[in-house]
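**Q** Input file: work.pdb. Contents: PDB, C-alpha atoms and all ligand atoms.
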ATOM      1  CA  ARG A 959     -24.661  32.034  30.112
ATOM      2  CA  ALA A 960     -23.004  28.716  29.736
ATOM      3  CA  LYS A 961     -26.374  27.276  28.858
ATOM      4  CA  GLU A 962     -26.918  29.919  26.178
ATOM      5  CA  ASN A 963     -23.493  29.241  24.742
ATOM      6  CA  GLY A 964     -24.280  25.572  24.767
ATOM      7  CA  ARG A 965     -27.516  26.141  22.953
ATOM      8  CA  GLY A 966     -25.801  28.393  20.428
ATOM      9  CA  ALA A 967     -23.163  25.759  19.864
ATOM     10  CA  TYR A 968     -25.887  23.148  19.463
ATOM     11  CA  ARG A 969     -27.660  25.288  16.878
ATOM     12  CA  PHE A 970     -24.367  25.842  15.111
ATOM     13  CA  PHE A 971     -23.521  22.133  15.001
ATOM     14  CA  LYS A 972     -27.078  21.227  14.067
ATOM     15  CA  ARG A 973     -26.872  23.592  11.096
ATOM     16  CA  GLU A 974     -23.472  22.175  10.140
ATOM     17  CA  MET A 975     -24.812  18.648  10.381
ATOM     18  CA  ASP A 976     -27.923  19.404   8.352
ATOM     19  CA  GLU A 977     -25.650  20.969   5.772
ATOM     20  CA  THR A 978     -23.426  17.867   5.673
ATOM     21  CA  ILE A 979     -26.401  15.541   5.418
ATOM     22  CA  ARG A 980     -27.869  17.631   2.608
ATOM     23  CA  GLU A 981     -24.564  17.635   0.742
ATOM     24  CA  ARG A 982     -24.191  13.888   1.070
ATOM     25  CA  ARG A 983     -27.730  13.352  -0.129
ATOM     26  CA  ASN A 984     -27.048  15.545  -3.163
ATOM     27  CA  LEU A 985     -23.809  13.768  -3.888
ATOM     28  CA  ALA A 986     -25.547  10.383  -3.627
ATOM     29  CA  ARG A 987     -28.233  11.533  -6.049
ATOM     30  CA  GLU A 988     -25.586  12.794  -8.477
ATOM     31  CA  LEU A 989     -23.644   9.563  -8.182
ATOM     32  CA  ARG A 990     -26.728   7.466  -8.890
ATOM     33  CA  GLN A 991     -27.262   9.494 -12.065
ATOM     34  CA  ALA A 992     -23.569   9.320 -12.979
ATOM     35  CA  ILE A 993     -23.722   5.528 -12.947
ATOM     36  CA  VAL A 994     -26.776   5.596 -15.251
ATOM     37  CA  ASP A 995     -25.106   8.138 -17.567
ATOM     38  CA  GLU A 996     -21.752   6.346 -17.324
ATOM     39  CA  ASP A 997     -19.958   9.522 -16.276
ATOM     40  CA  LEU A 998     -17.236   7.271 -14.954
ATOM     41  CA  VAL A 999     -13.876   6.261 -16.297
ATOM     42  CA  VAL A1000     -11.485   3.468 -15.461
ATOM     43  CA  HIS A1001      -7.803   4.297 -15.256
ATOM     44  CA  TYR A1002      -5.245   1.518 -15.404
ATOM     45  CA  GLN A1003      -2.070   1.325 -13.379
ATOM     46  CA  PRO A1004       0.686  -1.058 -14.515
ATOM     47  CA  GLN A1005       1.892  -3.879 -12.315
ATOM     48  CA  ALA A1006       5.374  -5.137 -13.083
ATOM     49  CA  ARG A1007       7.548  -8.110 -12.294
ATOM     50  CA  ALA A1008      10.023  -6.778  -9.755
ATOM     51  CA  SER A1009      13.091  -8.567 -11.125
ATOM     52  CA  ASP A1010      13.065  -6.829 -14.548
ATOM     53  CA  SER A1011      10.160  -4.325 -14.383
ATOM     54  CA  GLN A1012       8.348  -6.193 -17.152
ATOM     55  CA  ILE A1013       4.650  -5.267 -17.153
ATOM     56  CA  CYS A1014       2.440  -8.254 -16.298
ATOM     57  CA  GLY A1015      -0.899  -6.567 -15.736
ATOM     58  CA  PHE A1016      -2.911  -3.537 -14.701
ATOM     59  CA  GLU A1017      -5.102  -2.531 -11.792
ATOM     60  CA  ALA A1018      -8.430  -0.918 -12.705
ATOM     61  CA  LEU A1019      -9.069   2.256 -10.678
ATOM     62  CA  VAL A1020     -12.343   4.101 -11.152
ATOM     63  CA  ARG A1021     -12.782   7.902 -11.350
ATOM     64  CA  TRP A1022     -15.928   9.997 -11.527
ATOM     65  CA  LYS A1023     -16.052  12.510 -14.367
ATOM     66  CA  HIS A1024     -18.118  15.157 -12.605
ATOM     67  CA  PRO A1025     -19.540  17.915 -14.859
ATOM     68  CA  THR A1026     -18.536  20.774 -12.522
ATOM     69  CA  ARG A1027     -16.134  19.300  -9.974
ATOM     70  CA  GLY A1028     -13.876  17.642 -12.532
ATOM     71  CA  MET A1029     -12.316  14.242 -12.008
ATOM     72  CA  ILE A1030     -13.243  12.953  -8.544
ATOM     73  CA  PRO A1031     -10.873  10.355  -7.010
ATOM     74  CA  PRO A1032     -12.375   7.102  -5.698
ATOM     75  CA  LEU A1033     -11.692   7.793  -2.034
ATOM     76  CA  ASP A1034     -14.112  10.759  -2.307
ATOM     77  CA  PHE A1035     -17.075   8.669  -3.457
ATOM     78  CA  ILE A1036     -16.456   4.932  -2.922
ATOM     79  CA  PRO A1037     -17.291   5.172   0.818
ATOM     80  CA  LEU A1038     -20.547   6.967  -0.036
ATOM     81  CA  ALA A1039     -21.297   4.352  -2.713
ATOM     82  CA  GLU A1040     -20.667   1.644  -0.142
ATOM     83  CA  GLU A1041     -23.019   3.242   2.417
ATOM     84  CA  THR A1042     -25.814   3.833  -0.084
ATOM     85  CA  GLY A1043     -25.567   0.493  -1.875
ATOM     86  CA  LEU A1044     -24.621   2.267  -5.116
ATOM     87  CA  ILE A1045     -21.353   0.320  -5.043
ATOM     88  CA  ILE A1046     -23.270  -2.692  -6.410
ATOM     89  CA  PRO A1047     -24.121  -1.165  -9.824
ATOM     90  CA  LEU A1048     -20.919   0.917  -9.766
ATOM     91  CA  GLY A1049     -18.712  -2.080  -9.044
ATOM     92  CA  GLU A1050     -20.434  -4.127 -11.707
ATOM     93  CA  TRP A1051     -19.893  -1.326 -14.228
ATOM     94  CA  VAL A1052     -16.159  -1.152 -13.393
ATOM     95  CA  LEU A1053     -15.837  -4.915 -13.690
ATOM     96  CA  ARG A1054     -17.589  -5.071 -17.064
ATOM     97  CA  LYS A1055     -15.742  -2.036 -18.424
ATOM     98  CA  SER A1056     -12.290  -3.235 -17.421
ATOM     99  CA  CYS A1057     -12.888  -6.813 -18.628
ATOM    100  CA  GLU A1058     -14.124  -5.395 -21.943
ATOM    101  CA  GLU A1059     -11.076  -3.170 -22.364
ATOM    102  CA  ALA A1060      -8.622  -5.856 -21.268
ATOM    103  CA  ALA A1061     -10.196  -8.342 -23.704
ATOM    104  CA  GLY A1062      -9.245  -5.915 -26.499
ATOM    105  CA  TRP A1063      -5.540  -5.859 -25.686
ATOM    106  CA  ASP A1064      -3.155  -7.795 -27.958
ATOM    107  CA  ARG A1065      -1.198  -9.165 -25.065
ATOM    108  CA  PRO A1066      -2.870 -11.414 -22.479
ATOM    109  CA  LEU A1067      -1.988  -9.159 -19.544
ATOM    110  CA  SER A1068      -3.864  -9.596 -16.296
ATOM    111  CA  ILE A1069      -6.468  -7.173 -15.056
ATOM    112  CA  ALA A1070      -6.995  -6.588 -11.334
ATOM    113  CA  VAL A1071     -10.340  -5.182 -10.169
ATOM    114  CA  ASN A1072     -11.206  -4.030  -6.646
ATOM    115  CA  LEU A1073     -14.225  -5.625  -4.991
ATOM    116  CA  SER A1074     -15.999  -3.780  -2.206
ATOM    117  CA  PRO A1075     -17.185  -5.538   0.975
ATOM    118  CA  LEU A1076     -20.821  -5.171  -0.113
ATOM    119  CA  GLN A1077     -20.092  -6.839  -3.464
ATOM    120  CA  LEU A1078     -18.272  -9.723  -1.836
ATOM    121  CA  ASN A1079     -21.300 -10.357   0.343
ATOM    122  CA  GLN A1080     -23.687 -10.398  -2.605
ATOM    123  CA  ALA A1081     -25.089 -13.907  -3.110
ATOM    124  CA  ASN A1082     -25.009 -13.672  -6.918
ATOM    125  CA  LEU A1083     -21.473 -12.242  -7.241
ATOM    126  CA  PRO A1084     -19.992 -15.397  -8.850
ATOM    127  CA  THR A1085     -22.880 -15.456 -11.357
ATOM    128  CA  ILE A1086     -22.304 -11.804 -12.264
ATOM    129  CA  VAL A1087     -18.556 -12.341 -12.717
ATOM    130  CA  HIS A1088     -19.220 -15.447 -14.800
ATOM    131  CA  GLU A1089     -21.658 -13.558 -17.054
ATOM    132  CA  ILE A1090     -19.248 -10.678 -17.538
ATOM    133  CA  LEU A1091     -16.447 -13.068 -18.506
ATOM    134  CA  ILE A1092     -18.713 -14.772 -21.047
ATOM    135  CA  GLN A1093     -20.010 -11.461 -22.457
ATOM    136  CA  THR A1094     -16.574  -9.866 -22.791
ATOM    137  CA  GLY A1095     -14.725 -13.028 -23.807
ATOM    138  CA  LEU A1096     -11.998 -12.420 -21.228
ATOM    139  CA  SER A1097     -10.302 -15.576 -20.019
ATOM    140  CA  PRO A1098     -10.897 -16.085 -16.269
ATOM    141  CA  ALA A1099      -7.161 -16.691 -15.891
ATOM    142  CA  ARG A1100      -6.557 -13.034 -16.747
ATOM    143  CA  LEU A1101      -8.898 -11.678 -14.083
ATOM    144  CA  GLU A1102      -7.761 -10.965 -10.574
ATOM    145  CA  LEU A1103     -10.110  -9.666  -7.886
ATOM    146  CA  GLU A1104      -8.710  -7.599  -5.032
ATOM    147  CA  VAL A1105     -10.422  -7.817  -1.668
ATOM    148  CA  THR A1106      -9.607  -6.295   1.689
ATOM    149  CA  GLU A1107     -10.029  -8.253   4.893
ATOM    150  CA  SER A1108     -12.853  -5.947   6.003
ATOM    151  CA  ALA A1109     -14.877  -7.562   3.218
ATOM    152  CA  LEU A1110     -14.820 -10.800   5.197
ATOM    153  CA  PHE A1111     -16.280  -9.308   8.345
ATOM    154  CA  LYS A1112     -19.929  -8.863   7.356
ATOM    155  CA  ASP A1113     -21.051 -12.353   6.518
ATOM    156  CA  TYR A1114     -17.922 -14.408   6.852
ATOM    157  CA  GLN A1115     -19.326 -17.668   5.431
ATOM    158  CA  ARG A1116     -20.988 -15.978   2.482
ATOM    159  CA  ALA A1117     -17.825 -14.026   1.587
ATOM    160  CA  LEU A1118     -15.636 -17.114   1.875
ATOM    161  CA  ASP A1119     -18.083 -19.158  -0.168
ATOM    162  CA  ASN A1120     -18.042 -16.499  -2.914
ATOM    163  CA  LEU A1121     -14.241 -16.450  -2.953
ATOM    164  CA  ARG A1122     -14.139 -20.246  -3.295
ATOM    165  CA  ARG A1123     -16.623 -20.213  -6.159
ATOM    166  CA  LEU A1124     -14.694 -17.453  -7.951
ATOM    167  CA  LYS A1125     -11.448 -19.336  -7.507
ATOM    168  CA  ALA A1126     -13.079 -22.506  -8.849
ATOM    169  CA  MET A1127     -13.907 -20.502 -12.013
ATOM    170  CA  GLY A1128     -10.199 -19.842 -12.485
ATOM    171  CA  VAL A1129     -10.245 -16.227 -11.267
ATOM    172  CA  ARG A1130      -7.379 -15.207  -8.963
ATOM    173  CA  ILE A1131      -7.945 -13.534  -5.611
ATOM    174  CA  ALA A1132      -5.567 -10.967  -4.152
ATOM    175  CA  MET A1133      -5.540  -9.655  -0.619
ATOM    176  CA  ASP A1134      -5.335  -5.862  -0.888
ATOM    177  CA  ASP A1135      -3.885  -3.369   1.618
ATOM    178  CA  PHE A1136      -2.268  -6.163   3.604
ATOM    179  CA  GLY A1137      -1.261  -5.221   7.127
ATOM    180  CA  THR A1138      -3.665  -2.326   7.649
ATOM    181  CA  GLY A1139      -6.639  -4.239   9.075
ATOM    182  CA  PHE A1140      -7.260  -5.930  12.383
ATOM    183  CA  SER A1141      -6.820  -9.594  11.544
ATOM    184  CA  SER A1142      -4.707  -9.847   8.423
ATOM    185  CA  LEU A1143      -3.131 -13.093   9.576
ATOM    186  CA  SER A1144      -6.332 -14.969  10.374
ATOM    187  CA  THR A1145      -7.727 -13.836   7.016
ATOM    188  CA  LEU A1146      -4.663 -15.333   5.344
ATOM    189  CA  GLN A1147      -5.254 -18.521   7.276
ATOM    190  CA  SER A1148      -8.898 -18.819   6.239
ATOM    191  CA  PHE A1149      -8.470 -18.547   2.470
ATOM    192  CA  PRO A1150      -5.768 -19.510  -0.045
ATOM    193  CA  PHE A1151      -5.135 -16.082  -1.574
ATOM    194  CA  ASP A1152      -3.190 -16.016  -4.843
ATOM    195  CA  LYS A1153      -1.433 -12.763  -4.032
ATOM    196  CA  ILE A1154      -0.701 -10.502  -1.110
ATOM    197  CA  LYS A1155      -0.494  -6.767  -1.738
ATOM    198  CA  VAL A1156       1.543  -5.168   0.997
ATOM    199  CA  ASP A1157       0.024  -1.768   1.734
ATOM    200  CA  LYS A1158       1.714   1.361   0.454
ATOM    201  CA  SER A1159       1.835   2.867   3.952
ATOM    202  CA  PHE A1160       4.662   0.385   4.687
ATOM    203  CA  VAL A1161       6.302   0.569   1.273
ATOM    204  CA  GLU A1162       6.551   4.380   1.293
ATOM    205  CA  ASN A1163       8.514   4.171   4.544
ATOM    206  CA  ILE A1164      11.152   1.707   3.373
ATOM    207  CA  HIS A1165      14.531   3.138   4.454
ATOM    208  CA  ARG A1166      12.715   6.005   6.173
ATOM    209  CA  ASP A1167      11.418   4.035   9.102
ATOM    210  CA  GLU A1168      13.232   0.985  10.447
ATOM    211  CA  ARG A1169       9.975  -0.574  11.646
ATOM    212  CA  ALA A1170       8.246  -0.254   8.280
ATOM    213  CA  THR A1171      11.294  -1.779   6.592
ATOM    214  CA  VAL A1172      11.224  -4.745   8.981
ATOM    215  CA  ILE A1173       7.474  -5.186   8.425
ATOM    216  CA  VAL A1174       7.885  -5.251   4.633
ATOM    217  CA  LYS A1175      10.621  -7.873   4.986
ATOM    218  CA  ALA A1176       8.406  -9.916   7.309
ATOM    219  CA  VAL A1177       5.480  -9.852   4.861
ATOM    220  CA  LEU A1178       7.818 -10.929   2.052
ATOM    221  CA  GLY A1179       9.042 -13.780   4.265
ATOM    222  CA  LEU A1180       5.473 -14.752   5.091
ATOM    223  CA  GLY A1181       4.574 -14.844   1.404
ATOM    224  CA  ARG A1182       7.632 -16.949   0.654
ATOM    225  CA  SER A1183       6.767 -19.457   3.396
ATOM    226  CA  LEU A1184       3.120 -19.673   2.349
ATOM    227  CA  ASP A1185       4.124 -19.766  -1.324
ATOM    228  CA  ILE A1186       2.018 -16.680  -2.119
ATOM    229  CA  PRO A1187       3.563 -14.002  -4.367
ATOM    230  CA  VAL A1188       3.778 -10.585  -2.713
ATOM    231  CA  VAL A1189       3.107  -7.347  -4.590
ATOM    232  CA  ALA A1190       4.375  -4.066  -3.181
ATOM    233  CA  GLU A1191       2.022  -1.143  -3.859
ATOM    234  CA  GLY A1192       2.986   2.524  -3.791
ATOM    235  CA  VAL A1193       6.559   2.012  -5.032
ATOM    236  CA  GLU A1194       7.723   5.538  -5.833
ATOM    237  CA  THR A1195      11.512   5.623  -5.720
ATOM    238  CA  PRO A1196      14.392   3.699  -7.363
ATOM    239  CA  GLU A1197      15.671   2.952  -3.844
ATOM    240  CA  GLN A1198      12.417   1.282  -2.835
ATOM    241  CA  LEU A1199      12.428  -0.708  -6.086
ATOM    242  CA  GLU A1200      16.026  -1.787  -5.529
ATOM    243  CA  PHE A1201      15.264  -2.863  -1.969
ATOM    244  CA  LEU A1202      12.210  -4.887  -3.048
ATOM    245  CA  ARG A1203      14.215  -6.608  -5.792
ATOM    246  CA  GLY A1204      16.893  -7.524  -3.298
ATOM    247  CA  GLU A1205      14.274  -8.968  -0.972
ATOM    248  CA  ASP A1206      12.787 -11.122  -3.754
ATOM    249  CA  CYS A1207       9.469  -9.303  -3.976
ATOM    250  CA  ALA A1208       7.427 -10.776  -6.859
ATOM    251  CA  GLU A1209       5.718  -7.693  -8.273
ATOM    252  CA  VAL A1210       5.699  -3.939  -7.884
ATOM    253  CA  GLN A1211       3.101  -1.277  -8.529
ATOM    254  CA  GLY A1212       3.526   2.449  -8.081
ATOM    255  CA  TYR A1213       4.587   5.725  -9.635
ATOM    256  CA  ALA A1214       8.119   4.315 -10.157
ATOM    257  CA  ILE A1215       6.586   1.981 -12.771
ATOM    258  CA  GLY A1216       3.664   4.093 -13.946
ATOM    259  CA  ARG A1217       0.696   6.161 -12.808
ATOM    260  CA  PRO A1218      -2.935   5.169 -13.383
ATOM    261  CA  ALA A1219      -3.839   6.254 -16.940
ATOM    262  CA  PRO A1220      -6.796   6.078 -19.366
ATOM    263  CA  ALA A1221      -7.160   2.979 -21.559
ATOM    264  CA  ASP A1222      -6.264   4.790 -24.805
ATOM    265  CA  THR A1223      -2.786   5.670 -23.495
ATOM    266  CA  LEU A1224      -1.723   2.092 -22.790
ATOM    267  CA  SER A1225      -0.948   0.875 -26.293
ATOM    268  CA  ALA A1226       2.818   0.843 -25.716
ATOM    269  CA  TRP A1227       2.199  -1.854 -23.124
ATOM    270  CA  THR A1228      -0.868  -3.646 -24.422
ATOM    271  CA  CYS A1229      -0.153  -3.821 -28.181
ATOM    272  CA  GLY A1230       2.167  -6.081 -30.117
ATOM    273  CA  VAL A1231       4.873  -8.183 -28.551
ATOM    274  CA  VAL A1232       8.379  -6.848 -29.155
ATOM    275  CA  GLU A1233       7.520  -3.150 -28.899
ATOM    276  CA  ALA A1234       5.448  -3.780 -25.816
ATOM    277  CA  VAL A1235       8.355  -5.378 -24.019
ATOM    278  CA  GLU A1236      10.656  -2.486 -24.927
ATOM    279  CA  ALA A1237       8.113   0.105 -23.887
ATOM    280  CA  ALA A1238       7.548  -1.711 -20.638
ATOM    281  CA  GLU A1239      11.223  -1.444 -19.774
ATOM    282  CA  LYS A1240      11.316   2.324 -20.093
ATOM    283  CA  PRO A1241       9.264   3.544 -17.137
ATOM    284  CA  ALA A1242      11.407   1.624 -14.667
ATOM    285  CA  THR A1243      13.596   4.253 -13.111
ATOM    286  CA  ALA A1244      15.831   1.875 -11.194
ATOM    287  CA  LYS A1245      19.269   0.968 -12.416
ATOM    288  CA  ARG A1246      19.964  -2.737 -12.793
TER     289      ARG A1246
HETATM  290  P1  LIG B1301      -6.090   0.512  -3.775
HETATM  291  O1  LIG B1301      -6.885  -0.620  -4.343
HETATM  292  O2  LIG B1301      -5.161   0.193  -2.669
HETATM  293  O3  LIG B1301      -5.375   1.176  -5.013
HETATM  294  C1  LIG B1301      -4.112   1.768  -4.970
HETATM  295  C2  LIG B1301      -4.203   3.254  -4.808
HETATM  296  O4  LIG B1301      -2.870   3.752  -4.636
HETATM  297  C3  LIG B1301      -4.736   3.997  -6.015
HETATM  298  O5  LIG B1301      -5.388   5.171  -5.573
HETATM  299  C4  LIG B1301      -3.462   4.373  -6.758
HETATM  300  O6  LIG B1301      -3.623   5.454  -7.636
HETATM  301  C5  LIG B1301      -2.572   4.730  -5.598
HETATM  302  N1  LIG B1301      -1.149   4.630  -5.923
HETATM  303  C6  LIG B1301      -0.576   3.788  -6.787
HETATM  304  N2  LIG B1301       0.752   3.937  -6.842
HETATM  305  C7  LIG B1301       1.054   4.922  -5.968
HETATM  306  C8  LIG B1301       2.290   5.543  -5.560
HETATM  307  O7  LIG B1301       3.371   5.225  -6.018
HETATM  308  N3  LIG B1301       2.183   6.513  -4.606
HETATM  309  C9  LIG B1301       1.001   6.893  -4.072
HETATM  310  N4  LIG B1301       1.012   7.860  -3.149
HETATM  311  N5  LIG B1301      -0.189   6.330  -4.433
HETATM  312  C10 LIG B1301      -0.157   5.357  -5.376
HETATM  313  P2  LIG B1301      -6.802   5.605  -6.127
HETATM  314  O8  LIG B1301      -6.907   5.362  -7.592
HETATM  315  O9  LIG B1301      -7.061   6.973  -5.606
HETATM  316  O10 LIG B1301      -7.769   4.582  -5.426
HETATM  317  C11 LIG B1301      -7.901   4.588  -4.036
HETATM  318  C12 LIG B1301      -8.709   3.403  -3.552
HETATM  319  O11 LIG B1301     -10.042   3.462  -4.020
HETATM  320  C13 LIG B1301      -8.170   2.066  -4.038
HETATM  321  O12 LIG B1301      -7.084   1.671  -3.230
HETATM  322  C14 LIG B1301      -9.395   1.195  -3.837
HETATM  323  O13 LIG B1301      -9.500   0.771  -2.505
HETATM  324  C15 LIG B1301     -10.527   2.158  -4.139
HETATM  325  N6  LIG B1301     -11.041   1.918  -5.496
HETATM  326  C16 LIG B1301     -10.606   2.397  -6.674
HETATM  327  N7  LIG B1301     -11.349   1.930  -7.694
HETATM  328  C17 LIG B1301     -12.282   1.108  -7.136
HETATM  329  C18 LIG B1301     -13.359   0.312  -7.663
HETATM  330  O14 LIG B1301     -13.613   0.217  -8.871
HETATM  331  N8  LIG B1301     -14.117  -0.385  -6.755
HETATM  332  C19 LIG B1301     -13.872  -0.324  -5.412
HETATM  333  N9  LIG B1301     -14.651  -1.040  -4.590
HETATM  334  N10 LIG B1301     -12.881   0.394  -4.893
HETATM  335  C20 LIG B1301     -12.082   1.117  -5.741
HETATM  336 MG    MG B1302      -6.531  -2.425  -5.054
HETATM  337 MG    MG B1303      -4.133  -1.554  -2.254
HETATM  338 MG    MG B1304      -4.169   0.925  -0.485
END
Mind turning the file's structure into structure tokens?
Ligand code: C2E
Ligand code: MG
Ligand code: MG
Ligand code: MG

**A**
Amino acid sequence: RAKENGRGAYRFFKREMDETIRERRNLARELRQAIVDEDLVVHYQPQARASDSQICGFEALVRWKHPTRGMIPPLDFIPLAEETGLIIPLGEWVLRKSCEEAAGWDRPLSIAVNLSPLQLNQANLPTIVHEILIQTGLSPARLELEVTESALFKDYQRALDNLRRLKAMGVRIAMDDFGTGFSSLSTLQSFPFDKIKVDKSFVENIHRDERATVIVKAVLGLGRSLDIPVVAEGVETPEQLEFLRGEDCAEVQGYAIGRPAPADTLSAWTCGVVEAVEAAEKPATAKR
């Protein structure tokens, strides 16, 4: 009996697994086509100076415009893209698109683009970035590339070498999701990052969890000692913003400043000079 049950369960799981594999294969095929057809869109989320909420740049965040499923968030397809290698053409598309759009802004705001581990381990990454900068006319000083420490695990020397070459071109390198990996500190030791982005899982718990609050303070202290500006991501409330200001955090990013939005909605921030500054002040919900 037990054996029969076991076999039934096996058949059930086998069917489930086949189903999952089939679905993933379909999704991968659709994604490959979506990259060719450019059924993708980059949304931009403002990053602001903490002290006065002045916008200093944007992070590029990709979405998939799926014909039947609607807008698919990156966490639902980036892992698949990473596993299938599709992240290489996808990542290059995002980089080119966001550099192109940023080059069209009146104000020289920075543009931060996420790099996947596979991209960072690509031998020709610096060449690709260089070509995109030339083609789009974006100054390297305006480009910031965000990497997570997991990107350094595959081929450590290759990844480090790429980061050095990118930095030599004048591109800035930010460490993303700081504190969530296994060896954040040794990664900080091995490369002179230009920015540390403290992960939103800590930021969202400021004042809610004593430990998270202490960790955020410690990361800010670490950044201060190493002379690396710290950006807090996932800042949602005026209280969090106030706390981060008080602790001398350099920059903030999160719903309290603005949500990721399509390029054609950014003109209040990216156009002109005077108006842009005024518009940039508005979304800050915190009192001075
Ligand atoms: P990330 O690089 O850590 O980006 C920040 C994520 O936090 C974004 O999610 C953003 O929308 C979200 N976020 C920002 N402010 C808040 C807030 O106040 N509250 C909350 N709850 N969330 C906030 P999104 O757009 O879903 O992207 C998720 C992740 O997908 C990104 O995390 C990044 O790792 C990855 N990703 C997005 N675009 C790309 C890309 O072009 N290439 C690669 N390789 N990865 C990408
Ligand atoms: Mg990021
Ligand atoms: Mg992040
Ligand atoms: Mg994150």

**Q** Show me which residues line ligand LIG 1301 (chain B), defined as having an atom within 9 Å of a ligand atom where all atoms listed in the file count, and present them as a PyMOL selection string.

**A** chain A and resi 1000-1003+1017-1021+1031-1037+1039-1040+1045-1046+1048-1053+1071-1077+1104-1106+1134-1135+1155+1157-1159+1162+1191-1195+1211-1218

**Q** Residues within 9 Å of Ala1081 of chain A, please, as a PyMOL selection string. Count all atoms listed in the file; anything in the same chain fewer than 2 positions from it doesn't count.

**A** chain A and resi 1077-1079+1083-1085+1116-1117+1120

**Q** Which polymer residues have any atom within 10 Å of an atom of Val1087 of chain A, counting all atoms listed in the file, with same-chain residues fewer than 5 positions away left out, as JSON, numbers by chain?

**A** {"A": [1050, 1053, 1054, 1057, 1082, 1092, 1093, 1098, 1101, 1124, 1127, 1129]}

**Q** Which polymer residues have any atom within 10 Å of an atom of Gly1179 of chain A, counting only C-alpha atoms, with same-chain residues fewer than 6 positions away left out, as a ChimeraX atom specification?

**A** /A:1173,1185-1186,1188,1205-1207

**Q** Identify, on the basis of all atoms listed in the file, every residue whose closest approach to Ala1170 of chain A does not exceed 8 Å; exclude the query and any residue fewer than 6 positions from it along the same chain; express the result as a ChimeraX atom specification.

**A** /A:1160-1161,1163-1164

**Q** Between atom CA of Asp1222 of chain A and atom CA of Pro1047 of chain A, what is the spacing in Å?

**A**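 These atoms are spaced 24.1 Å apart.
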
**Q** Which is closest to ligand MG 1304 (chain B) among A:Ala1208, A:Val1189, A:Cys1229, A:Met1029, if we use all atoms listed in the file?

**A**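 Among A:Ala1208, A:Val1189, A:Cys1229, A:Met1029, it is A:Val1189 that comes nearest to ligand MG 1304 (chain B).
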
**Q** Which protein, DNA or RNA residues are at most 7 Å from (-4.3, -3.6, -27.2) in the file's coordinates when you count only C-alpha atoms, listed as a ChimeraX atom specification?

**A** /A:1062-1065,1225,1228-1229

**Q** Tell me which residues the PyMOL selection byres (((chain A and resi 977-982) around 12) and not hetatm) grabs here, as a ChimeraX atom specification.

**A** /A:970-976,983-989,1034-1035,1037-1039,1041-1042

**Q** Report, in Å with one decimal, the straight-line distance from atom CA of Ala1226 of chain A to atom CA of Pro1196 of chain A.

**A**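 Separation of atom CA of Ala1226 of chain A and atom CA of Pro1196 of chain A: 21.9 Å.
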
**Q** Please evaluate the PyMOL selection byres (((chain A and resi 1108) around 9) and not hetatm) against the structure above and give the resulting residues as an MDAnalysis selection string.

**A** chainID A and resid 1075 1105:1107 1109:1112 1139:1141

**Q** Calculate how many Å separate atom CA of Ser1011 of chain A from atom CA of Lys1125 of chain A, rounding to one decimal.

**A**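 We find that atom CA of Ser1011 of chain A and atom CA of Lys1125 of chain A lie 27.2 Å from each other.
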
**Q** Could you check which of A:Phe1016, A:Tyr968, A:Phe1201, A:Tyr1114 is closest to ligand MG 1302 (chain B), using only C-alpha atoms and all ligand atoms?

**A**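 Closest to ligand MG 1302 (chain B), using only C-alpha atoms and all ligand atoms: A:Phe1016.
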